[in-house]
file start-v9.txt (compact mmCIF, C-alpha atoms)
# COMPACT_ATOMS: atom_id res chain seq x y z
CA MET M 1 9.91 -26.50 -12.29
CA GLY M 2 13.52 -27.58 -12.39
CA LYS M 3 14.69 -25.05 -9.81
CA ASP M 4 17.49 -26.25 -7.59
CA LYS M 5 16.14 -25.64 -4.09
CA ASN M 6 19.71 -25.68 -2.81
CA ASN M 7 20.73 -22.77 -5.00
CA LYS M 8 22.70 -20.46 -2.70
CA LEU M 9 21.69 -17.20 -4.41
CA ARG M 10 18.01 -18.18 -4.38
CA GLN M 11 18.16 -18.99 -0.67
CA GLU M 12 20.01 -15.76 0.05
CA LEU M 13 17.47 -13.62 -1.81
CA LEU M 14 14.46 -15.34 -0.25
CA ALA M 15 15.95 -14.84 3.23
CA LEU M 16 16.84 -11.19 2.62
CA ALA M 17 14.92 -8.65 4.71
CA ASP M 18 14.02 -6.29 1.85
CA LEU M 19 11.01 -4.44 3.25
CA GLY M 20 12.36 -1.01 4.18
CA ARG M 21 11.04 0.83 7.19
CA GLU M 22 11.24 4.54 8.11
CA SER M 23 10.12 6.55 11.11
CA VAL M 24 7.73 9.48 10.77
CA VAL M 25 6.59 11.95 13.41
CA VAL M 26 2.97 13.08 13.08
CA PRO M 27 2.47 16.41 14.88
CA GLU M 28 -1.26 16.32 14.12
CA TRP M 29 -1.54 13.15 16.19
CA GLY M 30 0.10 14.47 19.33
CA GLY M 31 3.63 14.37 17.95
CA ARG M 32 3.63 10.59 18.03
CA SER M 33 6.30 8.68 16.14
CA PHE M 34 5.36 5.77 13.89
CA ASP M 35 7.12 3.46 11.48
CA VAL M 36 6.08 3.20 7.86
CA GLN M 37 7.01 -0.06 6.16
CA ALA M 38 7.34 -1.10 2.54
CA LEU M 39 4.83 -3.75 1.49
CA SER M 40 5.38 -7.20 0.12
CA LEU M 41 3.80 -7.92 -3.24
CA ALA M 42 1.08 -9.92 -1.48
CA ASP M 43 0.27 -7.03 0.87
CA ALA M 44 0.27 -4.50 -1.99
CA SER M 45 -2.15 -6.75 -3.86
CA ALA M 46 -4.41 -6.75 -0.78
CA VAL M 47 -4.46 -2.92 -0.91
CA HIS M 48 -5.52 -3.06 -4.55
CA ALA M 49 -8.25 -5.57 -3.75
CA ALA M 50 -9.55 -3.40 -0.90
CA LEU M 51 -9.59 -0.33 -3.15
CA ARG M 52 -11.59 -2.20 -5.80
CA GLU M 53 -14.28 -2.78 -3.19
CA PHE M 54 -14.69 0.97 -2.68
CA ARG M 55 -14.76 2.11 -6.30
CA ASP M 56 -17.96 3.56 -7.71
CA GLU M 57 -19.65 0.91 -9.86
CA LYS M 58 -20.63 3.39 -12.55
CA SER M 59 -17.60 5.69 -12.81
CA GLY M 60 -14.94 3.35 -11.43
CA GLU M 61 -13.61 6.20 -9.31
CA LEU M 62 -12.53 5.97 -5.70
CA PRO M 63 -14.05 8.25 -3.08
CA ARG M 64 -11.80 11.22 -2.33
CA GLY M 65 -8.94 10.41 0.00
CA PHE M 66 -9.31 6.64 -0.19
CA TRP M 67 -6.10 6.10 -2.24
CA ALA M 68 -3.82 7.68 0.39
CA ALA M 69 -5.89 6.30 3.28
CA ALA M 70 -5.45 2.75 1.97
CA TRP M 71 -1.67 3.07 1.78
CA VAL M 72 -1.54 4.64 5.24
CA ALA M 73 -3.67 1.82 6.66
CA ALA M 74 -1.45 -0.82 5.08
CA THR M 75 1.93 0.67 6.00
CA LEU M 76 1.65 2.49 9.36
CA HIS M 77 3.14 0.57 12.28
CA GLU M 78 3.69 1.24 15.94
CA PRO M 79 7.42 1.76 16.48
CA ASP M 80 8.91 -1.73 16.44
CA GLY M 81 5.39 -3.17 16.45
CA GLY M 82 2.37 -4.19 14.46
CA LEU M 83 0.05 -2.32 12.16
CA VAL M 84 -1.90 0.56 13.67
CA PHE M 85 -4.85 0.28 11.26
CA SER M 86 -6.42 -2.30 8.97
CA LEU M 87 -7.78 -1.93 5.46
CA ASP M 88 -11.26 -1.82 7.07
CA ASP M 89 -10.25 1.61 8.42
CA ILE M 90 -9.90 3.22 4.97
CA PRO M 91 -13.20 5.18 5.13
CA ALA M 92 -12.45 6.46 8.65
CA LEU M 93 -8.90 7.43 7.73
CA ALA M 94 -10.13 9.37 4.70
CA GLY M 95 -11.89 11.64 7.18
CA LYS M 96 -8.75 12.36 9.23
CA SER M 97 -6.31 15.26 8.93
CA ALA M 98 -5.05 15.69 5.38
CA ALA M 99 -1.74 16.97 6.74
CA ALA M 100 -1.26 13.86 8.92
CA LEU M 101 -2.16 11.43 6.16
CA GLU M 102 -0.08 13.22 3.52
CA ARG M 103 2.91 13.18 5.91
CA ILE M 104 2.58 9.41 6.35
CA TYR M 105 1.68 8.78 2.72
CA ALA M 106 4.81 10.62 1.56
CA VAL M 107 6.94 8.00 3.32
CA ALA M 108 4.75 5.10 2.11
CA ASP M 109 4.98 6.57 -1.38
CA ARG M 110 8.78 6.65 -1.29
CA LEU M 111 9.12 3.14 0.17
CA ASN M 112 6.60 1.56 -2.21
CA LEU M 113 7.45 3.47 -5.42
CA LEU M 114 3.98 4.97 -5.75
CA SER M 115 4.94 8.32 -7.28
CA GLY M 116 5.80 9.44 -10.75
CA GLU M 117 5.91 6.81 -13.45
CA ALA M 118 5.53 3.93 -10.98
CA ARG M 119 2.36 5.45 -9.53
CA HIS M 120 0.95 6.18 -12.98
CA ALA M 121 1.63 2.61 -14.12
CA GLU M 122 0.13 1.23 -10.91
CA LYS M 123 -3.01 3.33 -11.31
CA GLN M 124 -3.30 2.23 -14.94
CA ASN M 125 -3.02 -1.41 -13.87
CA PHE M 126 -5.56 -0.80 -11.11
CA THR M 127 -7.97 0.83 -13.55
CA ALA M 128 -7.47 -2.00 -16.04
CA THR M 129 -8.21 -4.65 -13.41
CA ALA M 130 -11.22 -2.75 -12.11
CA THR M 131 -13.09 -2.84 -15.40
CA PRO M 132 -15.79 -5.46 -16.04
CA SER M 133 -13.85 -6.75 -19.05
CA SER M 134 -11.00 -7.91 -16.84
CA SER M 135 -10.60 -11.67 -16.77
CA THR M 136 -9.09 -11.80 -13.28
CA GLY M 137 -9.62 -10.02 -10.03
CA SER M 138 -5.94 -9.40 -9.37
CA PRO M 139 -3.72 -6.48 -10.34
CA ALA M 140 -2.02 -6.80 -13.70
CA ASN M 141 1.48 -6.30 -12.30
call {"tool": "encode", "arguments": {"input": "start-v9.txt", "output": "structure tokens"}}
result
Amino acid sequence: MGKDKNNKLRQELLALADLGRESVVVPEWGGRSFDVQALSLADASAVHAALREFRDEKSGELPRGFWAAAWVAATLHEPDGGLVFSLDDIPALAGKSAAALERIYAVADRLNLLSGEARHAEKQNFTATATPSSSTGSPAN
């Protein structure tokens, strides 16, 4: 596409570690400390795809708690380690302590720009891609 692969700025930006990470202590889970990490675009798209699988076919709505549970599953890491949960754990996580999940989700929210206008736009894009009239299965953003 005519892009100079030796472009210094391009190389610098692609090499940049831009996925923020914050620690969170969860008293409801024995006072354990975890890391919450920002998601890449590919990982965020995987969350959207997983959520589409759980939506009600008739109403298009998600079961209660699944939105936050999905973001917790996708962003919660052992300190300096790998993911604690997988997207397959969304239903189980939705049944866990609201206080624990909201505590973790608050950090995921901040790191992934899920609140306010960004969250509204994301939900609108999710809703738009979840309708039968959508021409693709991927989020519109």
call {"tool": "atom_distance", "arguments": {"input": "start-v9.txt", "atom1": "atom CA of M:Asp56", "atom2": "atom CA of M:Thr75"}}
result
24.3 Å
call {"tool": "closest_residue", "arguments": {"input": "start-v9.txt", "among": "M:Gly20, M:Gly31, M:Pro63, M:Pro79", "to": "M:Ala94", "atoms": "all atoms listed in the file"}}
result
M:Pro63
call {"tool": "closest_residue", "arguments": {"input": "start-v9.txt", "among": "M:Leu93, M:Ala49, M:Leu19, M:Leu76", "to": "M:Ala106", "atoms": "all atoms listed in the file"}}
result
M:Leu76
call {"tool": "closest_residue", "arguments": {"input": "start-v9.txt", "among": "M:Leu39, M:Ala92, M:Leu114, M:Val24", "to": "M:Glu78", "atoms": "all atoms listed in the file"}}
result
M:Val24
call {"tool": "residues_around", "arguments": {"input": "start-v9.txt", "residues": "M:Ala50", "least_positions_apart": "4", "cutoff": "9 Å", "atoms": "all atoms listed in the file", "output": "PyMOL selection string"}}
result
chain M and resi 45-46+54+70+87-88+90
call {"tool": "atom_distance", "arguments": {"input": "start-v9.txt", "atom1": "atom CA of M:Ala100", "atom2": "atom CA of M:His48"}}
result
22.0 Å
call {"tool": "closest_residue", "arguments": {"input": "start-v9.txt", "among": "M:Ala15, M:Leu62, M:Leu83, M:Val72", "to": "M:Leu111", "atoms": "all atoms listed in the file"}}
result
M:Val72
call {"tool": "atom_distance", "arguments": {"input": "start-v9.txt", "atom1": "atom CA of M:Ala74", "atom2": "atom CA of M:Lys58"}}
result
26.4 Å
call {"tool": "axis_aligned_box", "arguments": {"input": "start-v9.txt", "around": "stretch 33-49 of chain M", "padding_each_side": "5 Å", "output": "lines of an AutoDock Vina configuration file"}}
result
center_x = -0.5
center_y = -0.6
center_z = 5.8
size_x = 25.6
size_y = 28.6
size_z = 30.7
call {"tool": "closest_residue", "arguments": {"input": "start-v9.txt", "among": "M:Ala38, M:Ala17, M:Val107, M:Val47", "to": "M:Ala73", "atoms": "all atoms listed in the file"}}
result
M:Val47
call {"tool": "closest_residue", "arguments": {"input": "start-v9.txt", "among": "M:Asn112, M:Ser23, M:Ser97, M:Asn7", "to": "M:Trp71", "atoms": "only C-alpha atoms"}}
result
M:Asn112
call {"tool": "decode", "arguments": {"input": "start-v9.txt", "residues": "stretch 12-87 of chain M", "atoms": "C-alpha atoms", "output": "tab-separated table (two decimals), in the first residue's frame"}}
result
chain	number	residue	atom	x	y	z
M	12	GLU	CA	8.29	3.35	17.02
M	13	LEU	CA	4.50	3.36	17.36
M	14	LEU	CA	4.14	-0.33	16.53
M	15	ALA	CA	6.79	-1.21	19.13
M	16	LEU	CA	5.27	1.02	21.82
M	17	ALA	CA	3.85	-0.79	24.85
M	18	ASP	CA	0.53	1.07	24.98
M	19	LEU	CA	-1.68	-1.33	26.92
M	20	GLY	CA	-1.95	0.21	30.38
M	21	ARG	CA	-2.11	-1.96	33.46
M	22	GLU	CA	-3.31	-1.15	37.00
M	23	SER	CA	-3.44	-3.11	40.23
M	24	VAL	CA	-6.68	-3.66	42.11
M	25	VAL	CA	-7.24	-5.27	45.49
M	26	VAL	CA	-10.44	-7.31	45.78
M	27	PRO	CA	-11.44	-7.66	49.45
M	28	GLU	CA	-14.36	-9.92	48.49
M	29	TRP	CA	-11.87	-12.43	47.10
M	30	GLY	CA	-9.70	-12.72	50.19
M	31	GLY	CA	-7.99	-9.36	49.73
M	32	ARG	CA	-6.09	-10.66	46.73
M	33	SER	CA	-4.36	-8.22	44.41
M	34	PHE	CA	-4.79	-8.50	40.65
M	35	ASP	CA	-3.75	-6.53	37.60
M	36	VAL	CA	-6.30	-5.16	35.16
M	37	GLN	CA	-4.98	-4.54	31.66
M	38	ALA	CA	-6.21	-2.45	28.76
M	39	LEU	CA	-7.18	-4.50	25.72
M	40	SER	CA	-5.85	-4.41	22.21
M	41	LEU	CA	-8.39	-3.75	19.49
M	42	ALA	CA	-8.31	-7.45	18.57
M	43	ASP	CA	-9.01	-8.50	22.17
M	44	ALA	CA	-11.81	-5.93	22.55
M	45	SER	CA	-13.36	-7.29	19.36
M	46	ALA	CA	-13.24	-10.78	20.88
M	47	VAL	CA	-15.22	-9.48	23.88
M	48	HIS	CA	-17.85	-8.07	21.53
M	49	ALA	CA	-18.04	-11.37	19.65
M	50	ALA	CA	-18.45	-13.31	22.89
M	51	LEU	CA	-21.20	-10.96	24.05
M	52	ARG	CA	-23.09	-11.41	20.77
M	53	GLU	CA	-23.22	-15.14	21.50
M	54	PHE	CA	-25.07	-14.50	24.77
M	55	ARG	CA	-27.64	-11.97	23.58
M	56	ASP	CA	-31.29	-12.94	23.54
M	57	GLU	CA	-32.31	-13.73	19.96
M	58	LYS	CA	-35.66	-11.99	20.27
M	59	SER	CA	-34.87	-8.88	22.34
M	60	GLY	CA	-31.15	-8.57	21.57
M	61	GLU	CA	-30.50	-7.95	25.26
M	62	LEU	CA	-27.69	-9.45	27.30
M	63	PRO	CA	-28.43	-11.38	30.47
M	64	ARG	CA	-27.95	-9.23	33.57
M	65	GLY	CA	-24.34	-8.85	34.61
M	66	PHE	CA	-22.84	-10.24	31.42
M	67	TRP	CA	-21.50	-6.87	30.18
M	68	ALA	CA	-19.30	-6.29	33.25
M	69	ALA	CA	-18.47	-10.00	33.57
M	70	ALA	CA	-17.13	-10.07	30.01
M	71	TRP	CA	-14.81	-7.11	30.60
M	72	VAL	CA	-13.62	-8.60	33.89
M	73	ALA	CA	-12.91	-11.93	32.20
M	74	ALA	CA	-10.96	-10.24	29.41
M	75	THR	CA	-8.89	-7.87	31.55
M	76	LEU	CA	-8.16	-9.51	34.94
M	77	HIS	CA	-4.62	-10.85	35.26
M	78	GLU	CA	-2.59	-12.45	37.99
M	79	PRO	CA	0.00	-9.91	39.17
M	80	ASP	CA	2.71	-9.97	36.51
M	81	GLY	CA	1.02	-12.99	34.94
M	82	GLY	CA	-1.61	-14.30	32.60
M	83	LEU	CA	-5.36	-13.96	32.49
M	84	VAL	CA	-7.29	-15.33	35.46
M	85	PHE	CA	-10.47	-16.09	33.48
M	86	SER	CA	-11.51	-16.69	29.89
M	87	LEU	CA	-14.52	-15.41	27.98
